[in-house]
file target-v3.txt (compact mmCIF, C-alpha atoms)
# COMPACT_ATOMS: atom_id res chain seq x y z
CA MET A 12 92.08 99.35 96.52
CA HIS A 13 93.17 100.74 99.85
CA GLU A 14 93.95 97.39 101.45
CA LEU A 15 97.67 98.13 101.85
CA GLY A 16 96.83 101.16 104.00
CA ILE A 17 94.34 99.08 105.96
CA ALA A 18 96.91 96.29 106.39
CA ARG A 19 99.52 98.73 107.68
CA SER A 20 97.00 100.17 110.10
CA ILE A 21 96.08 96.68 111.37
CA LEU A 22 99.75 95.87 111.79
CA GLY A 23 100.41 99.13 113.64
CA ILE A 24 97.60 98.43 116.09
CA ALA A 25 98.78 94.86 116.61
CA LEU A 26 102.41 95.88 117.14
CA ASP A 27 101.41 98.58 119.65
CA ALA A 28 99.32 96.09 121.59
CA ALA A 29 102.11 93.52 121.45
CA GLN A 30 104.62 96.00 122.82
CA GLN A 31 102.28 96.98 125.63
CA GLY A 32 101.84 93.32 126.43
CA ASN A 33 105.61 92.72 126.41
CA ALA A 34 105.20 90.13 123.69
CA GLU A 35 108.05 88.66 121.66
CA ARG A 36 106.01 87.55 118.74
CA VAL A 37 102.53 87.97 117.32
CA MET A 38 101.04 84.66 116.23
CA SER A 39 97.67 85.84 115.02
CA ILE A 40 95.49 88.91 114.77
CA GLY A 41 91.74 88.70 115.24
CA LEU A 42 89.76 91.02 113.00
CA ARG A 43 86.10 91.84 112.97
CA VAL A 44 85.02 92.86 109.47
CA GLY A 45 81.52 94.00 108.63
CA ALA A 46 79.80 92.72 105.52
CA LEU A 47 79.71 96.31 104.23
CA ALA A 48 83.15 97.37 105.46
CA GLY A 49 84.34 97.52 101.87
CA VAL A 50 87.35 95.29 102.44
CA GLU A 51 88.27 92.64 99.94
CA GLN A 52 89.54 89.64 101.88
CA ALA A 53 91.93 88.36 99.22
CA ALA A 54 93.40 91.81 98.66
CA LEU A 55 93.77 92.30 102.41
CA ASP A 56 95.58 88.97 102.84
CA LEU A 57 97.95 89.88 100.05
CA ALA A 58 98.60 93.35 101.45
CA PHE A 59 99.06 92.01 104.96
CA ASP A 60 101.56 89.46 103.73
CA VAL A 61 103.68 92.34 102.45
CA ALA A 62 103.14 94.64 105.44
CA ARG A 63 104.05 92.08 108.13
CA ARG A 64 107.52 91.25 106.76
CA GLY A 65 110.44 92.06 109.01
CA THR A 66 108.29 92.69 112.06
CA ILE A 67 107.55 90.56 115.13
CA ALA A 68 104.29 89.77 113.36
CA GLY A 69 106.20 88.33 110.40
CA ASP A 70 104.38 85.00 110.66
CA ALA A 71 101.12 86.30 112.04
CA GLU A 72 97.93 85.18 110.40
CA LEU A 73 94.74 87.18 110.11
CA ARG A 74 91.68 85.56 111.64
CA VAL A 75 88.68 87.28 110.21
CA GLU A 76 85.29 87.16 111.82
CA THR A 77 82.70 88.50 109.41
CA VAL A 78 79.94 90.56 110.98
CA PRO A 79 76.70 90.38 109.02
CA LEU A 80 74.77 93.46 108.07
CA ARG A 81 72.19 94.06 110.78
CA CYS A 82 69.35 96.54 110.33
CA HIS A 83 66.43 97.93 112.27
CA CYS A 84 62.84 98.29 111.10
CA THR A 85 61.36 101.38 112.71
CA THR A 86 57.80 100.40 111.85
CA CYS A 87 57.96 96.99 113.55
CA ASP A 88 60.73 97.87 116.02
CA VAL A 89 62.58 94.73 114.94
CA ASP A 90 66.34 94.17 114.54
CA PHE A 91 67.38 91.63 111.93
CA ASP A 92 70.43 90.19 110.17
CA VAL A 93 70.65 90.64 106.43
CA ASP A 94 71.91 87.92 104.15
CA ASP A 95 72.01 89.79 100.87
CA ARG A 96 75.23 90.77 99.15
CA HIS A 97 73.52 93.78 97.58
CA GLY A 98 72.65 95.19 100.98
CA VAL A 99 68.91 94.91 100.45
CA ALA A 100 67.58 94.66 104.01
CA LEU A 101 63.96 93.56 104.09
CA CYS A 102 62.21 93.44 107.45
CA PRO A 103 61.25 89.80 108.19
CA ARG A 104 57.95 91.01 109.63
CA CYS A 105 56.62 93.66 107.23
CA GLY A 106 58.92 93.22 104.25
CA ALA A 107 59.83 96.89 104.01
CA PRO A 108 63.43 97.79 103.14
CA SER A 109 65.56 99.31 105.87
CA GLY A 110 68.49 101.71 105.69
CA ASP A 111 68.90 101.87 109.45
CA ILE A 112 72.23 100.09 109.97
CA LEU A 113 73.01 98.57 113.38
CA ALA A 114 76.06 96.51 112.40
CA GLY A 115 78.01 95.47 109.34
CA LEU A 116 80.36 98.43 108.88
CA GLU A 117 82.94 97.25 111.46
CA LEU A 118 86.62 97.08 110.77
CA GLU A 119 88.27 96.32 114.08
CA VAL A 120 91.20 94.51 115.59
CA SER A 121 89.50 92.51 118.32
CA TYR A 122 92.47 90.64 119.81
CA ILE A 123 96.01 89.51 119.19
CA GLU A 124 97.53 86.23 120.15
CA VAL A 125 101.14 86.54 121.29
CA VAL A 126 104.01 84.71 122.90
CA MET B 1034 79.98 94.64 122.12
CA SER B 1035 80.19 91.98 124.82
CA GLU B 1036 78.35 89.60 122.53
CA SER B 1037 80.91 90.09 119.76
CA ARG B 1038 83.81 89.54 122.16
CA THR B 1039 82.42 86.19 123.15
CA ILE B 1040 82.26 85.22 119.51
CA ALA B 1041 85.93 86.14 118.98
CA VAL B 1042 87.04 84.06 121.92
CA THR B 1043 84.90 81.15 120.79
CA VAL B 1044 86.48 81.26 117.35
CA LEU B 1045 89.91 81.18 118.95
CA THR B 1046 89.21 78.19 121.17
CA ASP B 1047 87.84 76.35 118.18
CA HIS B 1048 91.02 76.83 116.19
CA GLU B 1049 93.63 76.98 118.85
CA THR B 1050 95.05 74.57 121.32
CA ASP B 1051 98.29 75.40 122.99
CA ARG B 1052 99.92 78.45 121.51
CA GLY B 1053 100.06 82.01 122.73
CA ARG B 1054 98.22 84.18 125.15
CA LEU B 1055 95.36 86.34 124.11
CA LEU B 1056 95.44 90.11 124.39
CA GLU B 1057 92.20 91.94 123.93
CA VAL B 1058 92.64 94.96 121.66
CA GLU B 1059 89.21 96.21 120.53
CA ARG B 1060 90.45 99.03 118.35
CA GLY B 1061 88.94 100.22 115.12
CA VAL B 1062 91.38 99.97 112.23
CA LEU B 1063 90.24 103.41 111.10
CA ALA B 1064 89.97 104.78 114.64
CA ARG B 1065 92.53 107.51 113.98
CA ASN B 1066 90.54 108.67 110.96
CA ALA B 1067 87.35 108.60 113.02
CA GLU B 1068 88.96 110.77 115.73
CA ILE B 1069 90.11 113.35 113.20
CA ALA B 1070 86.69 113.26 111.51
CA ALA B 1071 85.06 113.98 114.87
CA THR B 1072 87.39 116.97 115.33
CA ASN B 1073 86.53 118.18 111.82
CA ARG B 1074 82.84 117.83 112.59
CA ARG B 1075 83.10 119.93 115.76
CA ARG B 1076 85.11 122.55 113.93
CA PHE B 1077 82.62 122.75 111.05
CA ALA B 1078 79.69 122.87 113.47
CA ALA B 1079 81.31 125.78 115.31
CA HIS B 1080 81.19 127.71 112.03
CA GLY B 1081 77.60 126.65 111.36
CA LEU B 1082 78.70 124.96 108.15
CA LEU B 1083 76.68 122.42 106.22
CA VAL B 1084 79.28 119.96 104.94
CA LEU B 1085 78.70 117.72 101.93
CA ASN B 1086 80.87 114.72 101.11
CA VAL B 1087 80.21 114.22 97.40
CA LEU B 1088 80.91 110.74 96.07
CA SER B 1089 80.53 108.92 92.78
CA SER B 1090 82.25 106.92 90.09
CA PRO B 1091 84.59 108.88 87.83
CA GLY B 1092 82.58 110.82 85.26
CA SER B 1093 79.20 110.88 87.00
CA GLY B 1094 79.28 114.65 87.04
CA LYS B 1095 80.39 115.63 90.55
CA THR B 1096 82.16 118.75 89.36
CA ALA B 1097 79.32 119.84 87.08
CA PHE B 1098 76.81 119.22 89.86
CA LEU B 1099 78.79 121.26 92.37
CA ALA B 1100 79.52 124.04 89.88
CA ARG B 1101 75.80 124.35 89.12
CA THR B 1102 74.91 124.37 92.82
CA LEU B 1103 77.54 126.96 93.71
CA GLU B 1104 76.50 129.28 90.91
CA ALA B 1105 72.83 129.05 91.79
CA ARG B 1106 73.49 129.43 95.51
CA ARG B 1107 76.07 132.20 95.69
CA ASP B 1108 74.13 133.40 98.72
CA LEU B 1109 75.51 130.53 100.79
CA GLY B 1110 79.10 131.70 100.50
CA ALA B 1111 80.62 128.33 99.78
CA ALA B 1112 83.97 126.66 100.07
CA VAL B 1113 85.05 123.60 98.13
CA ILE B 1114 87.69 120.97 98.85
CA VAL B 1115 88.44 118.98 95.72
CA GLY B 1116 90.10 115.60 95.80
CA ASP B 1117 90.89 115.41 92.14
CA LEU B 1118 90.75 118.11 89.54
CA ALA B 1119 90.87 116.70 86.05
CA THR B 1120 91.73 120.04 84.53
CA ASP B 1121 92.23 123.69 85.49
CA ASN B 1122 88.92 124.21 83.78
CA ASP B 1123 87.17 122.30 86.58
CA GLY B 1124 88.64 124.66 89.16
CA GLU B 1125 87.48 127.66 87.12
CA ARG B 1126 83.96 126.24 86.91
CA LEU B 1127 83.85 125.79 90.66
CA ARG B 1128 85.23 129.28 91.32
CA ALA B 1129 82.77 130.85 88.90
CA GLY B 1130 80.09 130.88 91.58
CA GLY B 1131 82.38 132.80 93.92
CA ALA B 1132 83.35 129.74 95.94
CA GLU B 1133 86.76 129.45 97.54
CA VAL B 1134 88.38 126.29 96.19
CA VAL B 1135 91.32 124.29 97.51
CA GLN B 1136 92.65 121.16 95.93
CA ILE B 1137 94.06 118.18 97.74
CA ASN B 1138 96.85 116.64 95.77
CA THR B 1139 95.85 113.04 96.30
CA GLY B 1140 98.83 111.63 94.43
CA GLY B 1141 96.68 108.86 93.06
CA VAL B 1142 95.16 107.61 96.33
CA CYS B 1143 91.72 106.08 96.02
CA HIS B 1144 89.90 108.10 98.68
CA LEU B 1145 90.10 111.18 100.87
CA GLU B 1146 90.82 110.82 104.58
CA ALA B 1147 89.78 113.08 107.44
CA ALA B 1148 93.35 114.35 107.98
CA MET B 1149 93.55 115.53 104.34
CA VAL B 1150 90.30 117.43 104.81
CA ALA B 1151 91.57 118.97 108.07
CA GLY B 1152 94.70 120.17 106.26
CA ALA B 1153 92.70 121.57 103.35
CA ALA B 1154 90.28 123.31 105.71
CA ASP B 1155 93.27 125.11 107.28
CA ARG B 1156 93.81 126.76 103.91
CA LEU B 1157 90.21 128.00 103.69
CA THR B 1158 88.42 130.89 105.32
CA LEU B 1159 85.51 129.13 106.99
CA GLN B 1160 84.28 132.20 108.82
CA GLY B 1161 81.07 133.54 107.30
CA LYS B 1162 80.47 130.57 105.01
CA ARG B 1163 77.44 128.31 105.20
CA LEU B 1164 78.36 125.48 102.84
CA LEU B 1165 81.47 123.35 102.51
CA ALA B 1166 81.45 120.84 99.68
CA ILE B 1167 84.07 118.10 99.60
CA GLU B 1168 84.44 116.52 96.18
CA ASN B 1169 85.85 113.08 96.91
CA VAL B 1170 87.97 110.96 94.59
CA GLY B 1171 85.92 109.29 91.87
CA ASN B 1172 85.46 105.81 93.33
CA LEU B 1173 82.42 104.01 94.72
CA VAL B 1174 84.31 101.57 96.96
CA CYS B 1175 87.14 102.96 99.08
CA PRO B 1176 85.75 106.38 100.10
CA ALA B 1177 82.72 104.70 101.72
CA ALA B 1178 84.83 103.60 104.69
CA TYR B 1179 86.26 107.02 105.52
CA ASP B 1180 84.29 109.52 107.55
CA LEU B 1181 85.53 113.01 106.74
CA GLY B 1182 83.44 114.89 109.28
CA GLU B 1183 80.66 115.66 106.82
CA GLY B 1184 77.04 116.31 107.69
CA VAL B 1185 75.58 114.92 104.49
CA ARG B 1186 76.87 112.11 102.37
CA VAL B 1187 75.83 112.79 98.76
CA VAL B 1188 76.20 109.95 96.26
CA LEU B 1189 75.84 110.67 92.57
CA VAL B 1190 74.86 108.14 89.97
CA SER B 1191 74.35 109.14 86.36
CA VAL B 1192 71.72 107.55 84.15
CA THR B 1193 74.42 106.26 81.82
CA GLU B 1194 75.78 103.92 84.51
CA GLY B 1195 72.95 101.41 84.56
CA GLU B 1196 69.95 100.87 86.81
CA ASP B 1197 71.71 98.26 88.96
CA LYS B 1198 74.49 100.54 90.20
CA PRO B 1199 73.06 100.72 93.76
CA LEU B 1200 73.05 96.91 93.96
CA LYS B 1201 76.68 96.74 92.92
CA TYR B 1202 77.96 99.20 95.52
CA PRO B 1203 75.79 98.63 98.60
CA ALA B 1204 78.33 100.00 101.11
CA MET B 1205 78.31 103.34 99.36
CA PHE B 1206 74.57 103.62 98.74
CA LYS B 1207 73.52 102.21 102.10
CA THR B 1208 75.39 104.98 103.92
CA ALA B 1209 74.13 107.77 101.63
CA ASP B 1210 71.98 110.57 102.99
CA VAL B 1211 71.26 111.90 99.52
CA VAL B 1212 71.36 110.24 96.11
CA ILE B 1213 71.59 112.44 93.04
CA VAL B 1214 70.50 110.77 89.82
CA ASN B 1215 72.39 112.92 87.35
CA LYS B 1216 72.37 113.43 83.57
CA MET B 1217 68.59 113.11 83.34
CA ASP B 1218 68.88 115.01 80.04
CA LEU B 1219 70.37 111.78 78.65
CA ALA B 1220 67.71 109.48 80.12
CA GLU B 1221 65.91 109.07 76.85
CA ALA B 1222 69.05 108.49 74.81
CA VAL B 1223 70.24 105.67 77.07
CA GLN B 1224 66.71 104.29 77.48
CA LEU B 1225 66.81 104.61 81.24
CA ASP B 1226 64.39 102.35 83.06
CA ARG B 1227 63.41 104.91 85.69
CA GLU B 1228 61.24 102.57 87.67
CA ALA B 1229 63.97 99.96 87.93
CA LEU B 1230 66.55 102.50 89.07
CA HIS B 1231 64.25 103.99 91.69
CA ALA B 1232 63.15 100.54 92.86
CA ASN B 1233 66.79 99.57 93.36
CA LEU B 1234 67.48 102.76 95.26
CA ALA B 1235 64.41 102.23 97.44
CA ALA B 1236 65.52 98.66 98.18
CA VAL B 1237 69.16 99.40 99.03
CA CYS B 1238 68.96 102.89 100.51
CA PRO B 1239 65.42 103.76 101.61
CA GLN B 1240 66.94 106.26 104.05
CA ALA B 1241 68.33 108.44 101.26
CA ARG B 1242 66.60 111.45 99.74
CA VAL B 1243 66.68 111.02 95.98
CA PHE B 1244 66.86 113.90 93.49
CA ALA B 1245 66.74 113.32 89.73
CA VAL B 1246 68.58 116.18 88.07
CA SER B 1247 70.54 117.36 85.10
CA ALA B 1248 73.54 119.31 86.30
CA ARG B 1249 74.05 120.40 82.70
CA THR B 1250 70.60 121.91 82.10
CA GLY B 1251 69.75 122.63 85.74
CA ALA B 1252 66.54 120.60 85.60
CA GLY B 1253 65.49 119.26 89.00
CA MET B 1254 68.20 121.17 90.87
CA GLU B 1255 65.71 123.43 92.66
CA SER B 1256 64.51 120.54 94.83
CA PHE B 1257 68.07 119.87 95.91
CA TYR B 1258 68.60 123.53 96.80
CA ALA B 1259 65.42 123.39 98.88
CA TYR B 1260 66.87 120.37 100.66
CA LEU B 1261 70.04 122.36 101.45
CA ASP B 1262 67.90 125.14 102.92
CA GLU B 1263 65.98 122.60 104.94
CA ARG B 1264 69.22 121.14 106.35
CA LEU B 1265 70.64 124.58 107.10
CA ALA B 1266 67.44 125.56 108.88
CA THR B 1267 67.49 122.54 111.18
CA GLY B 1268 70.66 123.89 112.79
CA ALA B 1269 72.04 120.39 113.16
CA ALA B 1270 73.87 121.02 109.94
CA SER B 1271 77.00 119.08 110.77
CA ALA B 1272 75.45 116.22 112.71
CA ARG B 1273 75.36 112.91 110.97
call {"tool": "encode", "arguments": {"input": "target-v3.txt", "output": "structure tokens"}}
result
Amino acid sequence: MHELGIARSILGIALDAAQQGNAERVMSIGLRVGALAGVEQAALDLAFDVARRGTIAGDAELRVETVPLRCHCTTCDVDFDVDDRHGVALCPRCGAPSGDILAGLELEVSYIEVV
Amino acid sequence: MSESRTIAVTVLTDHETDRGRLLEVERGVLARNAEIAATNRRRFAAHGLLVLNVLSSPGSGKTAFLARTLEARRDLGAAVIVGDLATDNDGERLRAGGAEVVQINTGGVCHLEAAMVAGAADRLTLQGKRLLAIENVGNLVCPAAYDLGEGVRVVLVSVTEGEDKPLKYPAMFKTADVVIVNKMDLAEAVQLDREALHANLAAVCPQARVFAVSARTGAGMESFYAYLDERLATGAASAR
């Protein structure tokens, strides 16, 4: 449970960007969250609701884009998306498991929407 | 990157009509931690240190595993950064092998961060040492997201925790360089299904080197020590 720290960090990044953009208010924050980023969406929403209070992002909503786990098979030289919540990444061509992660660990603020 | 940006904008136009303006940010939420971790990594590399980030659930035997390693490998001149010491006894066990030990008072946080490690490293004499072991907070979720500047991510799982542990914590196991299956001396007592455990590890984290050991009896530890030597010999000790 480190979502409060994550929420504060998201807010800090958003507020910095808002200030640089001479914004009065932050309406929404776009997040890119990897399938294996280790962030619990419900816990993050709850933490963010607390963190945003009293700031110019007081009404801001989080818009989360989930990035699927994407792995590489070295044998077949194939990149593929993984749809398995246990992180088992089987190459669609040869069936071998892969631990070569290309995407899915992201935790990024991609944009903010401001007025 | 450019592909992902397009997706973000598409999502916005789908949901939005007439509200605000869009400011591109593109900043990692843990970017500050990543920067400090990179600084740690350069600093450790300058000392030729092999750095282990040791992770597991509470009670998997991290301290016993490290204490055994440090005693057997006094020759490496080790330092240890400990996230949580259950008792003074733990510290004594770690110091018994001649290692220099500093404790981070985590105050109940669920993971170590790179800045905590940087601060702890300031209190250590790194000169002349070959191995730095960081014993993380006992937790298989939160610490996975925080790079500390380590060269090797070591994840412990004990045989008492069930064969499906790797399936339950994919973020942790999928980013592991080494998996230690500990408490093999209890395998019989808990009727460990070895094949199932190893099949799960092979499915989730085929990249990881797996060592089945008993930190208590020392069985199987030699192979892990050989791995340490191998990593030290490659010279890229701190590169991940």
call {"tool": "closest_residue", "arguments": {"input": "target-v3.txt", "among": "B:Ala1064, B:Val1214, B:Leu1083, B:Leu1109", "to": "His1231 (chain B)", "atoms": "all atoms listed in the file"}}
result
B:Val1214
call {"tool": "interface_residues", "arguments": {"input": "target-v3.txt", "of": "chain A", "to": "chain B", "cutoff": "9 Å", "atoms": "only C-alpha atoms", "output": "ChimeraX atom specification"}}
result
/A:12-13,17-18,20-21,24-25,28-29,32,37-39,41-43,46-50,74,76,78,96-101,107-112,116-126
call {"tool": "atom_distance", "arguments": {"input": "target-v3.txt", "atom1": "CA of Ala114 (chain A)", "atom2": "CA of Leu1189 (chain B)"}}
result
24.4 Å
call {"tool": "closest_residue", "arguments": {"input": "target-v3.txt", "among": "B:Thr1250, B:Glu1263, B:Gly1184, B:Ala1147", "to": "Leu1165 (chain B)", "atoms": "all atoms listed in the file"}}
result
B:Gly1184
call {"tool": "closest_residue", "arguments": {"input": "target-v3.txt", "among": "A:Leu113, A:Cys105, A:Leu15, A:Ala71", "to": "Asp90 (chain A)", "atoms": "all atoms listed in the file"}}
result
A:Leu113
call {"tool": "residues_near_point", "arguments": {"input": "target-v3.txt", "point": "(98.4, 89.8, 100.7)", "cutoff": "12 Å", "atoms": "all atoms listed in the file", "output": "VMD selection string"}}
result
chain A and resid 14 to 19 51 to 64 72 to 73
call {"tool": "atom_distance", "arguments": {"input": "target-v3.txt", "atom1": "CA of Ser1093 (chain B)", "atom2": "CA of Arg1126 (chain B)"}}
result
16.1 Å
call {"tool": "residues_around", "arguments": {"input": "target-v3.txt", "residues": "region 1253-1262 of chain B", "least_positions_apart": "2", "cutoff": "10 Å", "atoms": "all atoms listed in the file", "output": "list of chain:residue names"}}
result
B:Leu1083, B:Leu1085, B:Phe1098, B:Arg1101, B:Thr1102, B:Ala1105, B:Arg1106, B:Leu1109, B:Leu1164, B:Val1185, B:Val1211, B:Ile1213, B:Val1214, B:Asn1215, B:Met1217, B:Arg1242, B:Val1243, B:Phe1244, B:Ala1245, B:Val1246, B:Ser1247, B:Ala1248, B:Thr1250, B:Gly1251, B:Arg1264, B:Leu1265, B:Ala1266, B:Thr1267, B:Ala1270
call {"tool": "atom_distance", "arguments": {"input": "target-v3.txt", "atom1": "CA of Cys102 (chain A)", "atom2": "CA of Ala1229 (chain B)"}}
result
20.7 Å
call {"tool": "residues_around", "arguments": {"input": "target-v3.txt", "residues": "Ala1129 (chain B)", "least_positions_apart": "2", "cutoff": "9 Å", "atoms": "only C-alpha atoms", "output": "list of chain:residue names"}}
result
B:Ala1100, B:Leu1103, B:Glu1104, B:Gly1124, B:Glu1125, B:Arg1126, B:Leu1127, B:Gly1131, B:Ala1132
call {"tool": "residues_around", "arguments": {"input": "target-v3.txt", "residues": "Ala1070 (chain B)", "least_positions_apart": "3", "cutoff": "7 Å", "atoms": "only C-alpha atoms", "output": "PDB file with C-alpha atoms, in the frame of the given file"}}
result
ATOM      1  CA  ASN B1066      90.540 108.670 110.960  1.00  0.00           C
ATOM      2  CA  ALA B1067      87.350 108.600 113.020  1.00  0.00           C
ATOM      3  CA  ASN B1073      86.530 118.180 111.820  1.00  0.00           C
ATOM      4  CA  ARG B1074      82.840 117.830 112.590  1.00  0.00           C
ATOM      5  CA  ALA B1147      89.780 113.080 107.440  1.00  0.00           C
ATOM      6  CA  ASP B1180      84.290 109.520 107.550  1.00  0.00           C
ATOM      7  CA  LEU B1181      85.530 113.010 106.740  1.00  0.00           C
ATOM      8  CA  GLY B1182      83.440 114.890 109.280  1.00  0.00           C
TER       9      GLY B1182
END
call {"tool": "closest_residue", "arguments": {"input": "target-v3.txt", "among": "A:Leu22, A:Asp27, A:Arg104, A:Asn33", "to": "Thr85 (chain A)", "atoms": "only C-alpha atoms"}}
result
A:Arg104
call {"tool": "axis_aligned_box", "arguments": {"input": "target-v3.txt", "around": "region 52-71 of chain A", "padding_each_side": "8 Å", "output": "JSON"}}
result
{"center_x": 100.0, "center_y": 89.8, "center_z": 106.9, "size_x": 36.9, "size_y": 25.6, "size_z": 32.5}
call {"tool": "residues_around", "arguments": {"input": "target-v3.txt", "residues": "region 1154-1162 of chain B", "least_positions_apart": "6", "cutoff": "7 Å", "atoms": "only C-alpha atoms", "output": "VMD selection string"}}
result
chain B and resid 1080 1082 1109 to 1111
call {"tool": "closest_residue", "arguments": {"input": "target-v3.txt", "among": "B:Asn1122, B:Thr1096, B:Ser1191, B:Asn1086", "to": "Glu1146 (chain B)", "atoms": "only C-alpha atoms"}}
result
B:Asn1086
call {"tool": "residues_around", "arguments": {"input": "target-v3.txt", "residues": "Gly1171 (chain B)", "least_positions_apart": "2", "cutoff": "7 Å", "atoms": "only C-alpha atoms", "output": "VMD selection string"}}
result
chain B and resid 1088 to 1091 1169 1173
call {"tool": "write_last_selection", "arguments": {"input": "target-v3.txt", "atoms": "C-alpha atoms", "output": "PDB file, in the frame of the given file"}}
result
ATOM      1  CA  LEU B1088      80.910 110.740  96.070  1.00  0.00           C
ATOM      2  CA  SER B1089      80.530 108.920  92.780  1.00  0.00           C
ATOM      3  CA  SER B1090      82.250 106.920  90.090  1.00  0.00           C
ATOM      4  CA  PRO B1091      84.590 108.880  87.830  1.00  0.00           C
ATOM      5  CA  ASN B1169      85.850 113.080  96.910  1.00  0.00           C
ATOM      6  CA  LEU B1173      82.420 104.010  94.720  1.00  0.00           C
TER       7      LEU B1173
END
call {"tool": "closest_residue", "arguments": {"input": "target-v3.txt", "among": "B:Ile1167, B:Val1150, B:Val1212, B:Leu1118", "to": "Lys1198 (chain B)", "atoms": "all atoms listed in the file"}}
result
B:Val1212
call {"tool": "decode", "arguments": {"input": "target-v3.txt", "residues": "region 35-55 of chain A", "atoms": "N, CA and C atoms", "output": "compact mmCIF listing (two decimals), in the first residue's frame"}}
result
# COMPACT_ATOMS: atom_id res chain seq x y z
N GLU A 35 -5.18 27.81 -14.39
CA GLU A 35 -5.91 28.17 -13.17
C GLU A 35 -6.42 26.93 -12.44
N ARG A 36 -6.73 25.94 -13.25
CA ARG A 36 -7.34 24.75 -12.67
C ARG A 36 -6.97 23.52 -13.48
N VAL A 37 -6.80 22.41 -12.78
CA VAL A 37 -6.55 21.14 -13.47
C VAL A 37 -7.85 20.35 -13.51
N MET A 38 -8.29 20.03 -14.71
CA MET A 38 -9.57 19.31 -14.85
C MET A 38 -9.36 17.79 -14.82
N SER A 39 -8.29 17.35 -15.44
CA SER A 39 -8.04 15.91 -15.44
C SER A 39 -6.55 15.64 -15.61
N ILE A 40 -6.16 14.47 -15.20
CA ILE A 40 -4.77 14.04 -15.29
C ILE A 40 -4.74 12.70 -16.02
N GLY A 41 -4.01 12.64 -17.10
CA GLY A 41 -3.91 11.40 -17.86
C GLY A 41 -2.74 10.57 -17.35
N LEU A 42 -3.02 9.34 -16.99
CA LEU A 42 -1.99 8.44 -16.47
C LEU A 42 -1.82 7.26 -17.39
N ARG A 43 -0.62 6.79 -17.50
CA ARG A 43 -0.35 5.55 -18.22
C ARG A 43 0.16 4.56 -17.18
N VAL A 44 -0.58 3.49 -16.98
CA VAL A 44 -0.24 2.54 -15.92
C VAL A 44 -0.06 1.14 -16.51
N GLY A 45 1.11 0.60 -16.36
CA GLY A 45 1.40 -0.73 -16.87
C GLY A 45 0.67 -1.80 -16.08
N ALA A 46 0.38 -2.91 -16.76
CA ALA A 46 -0.32 -4.02 -16.12
C ALA A 46 0.46 -4.54 -14.91
N LEU A 47 1.77 -4.41 -14.94
CA LEU A 47 2.59 -4.89 -13.83
C LEU A 47 3.20 -3.75 -13.02
N ALA A 48 2.57 -2.59 -13.06
CA ALA A 48 3.12 -1.44 -12.33
C ALA A 48 2.92 -1.59 -10.82
N GLY A 49 2.06 -2.50 -10.43
CA GLY A 49 1.85 -2.73 -9.00
C GLY A 49 1.00 -1.68 -8.34
N VAL A 50 0.14 -1.04 -9.13
CA VAL A 50 -0.75 -0.02 -8.57
C VAL A 50 -2.18 -0.53 -8.59
N GLU A 51 -2.80 -0.43 -7.43
CA GLU A 51 -4.19 -0.84 -7.29
C GLU A 51 -5.07 0.36 -7.60
N GLN A 52 -5.85 0.23 -8.66
CA GLN A 52 -6.65 1.37 -9.14
C GLN A 52 -7.57 1.95 -8.07
N ALA A 53 -8.28 1.10 -7.37
CA ALA A 53 -9.23 1.59 -6.37
C ALA A 53 -8.50 2.31 -5.24
N ALA A 54 -7.37 1.76 -4.83
CA ALA A 54 -6.59 2.38 -3.76
C ALA A 54 -6.01 3.71 -4.23
N LEU A 55 -5.61 3.77 -5.50
CA LEU A 55 -5.06 5.01 -6.05
C LEU A 55 -6.13 6.09 -6.11
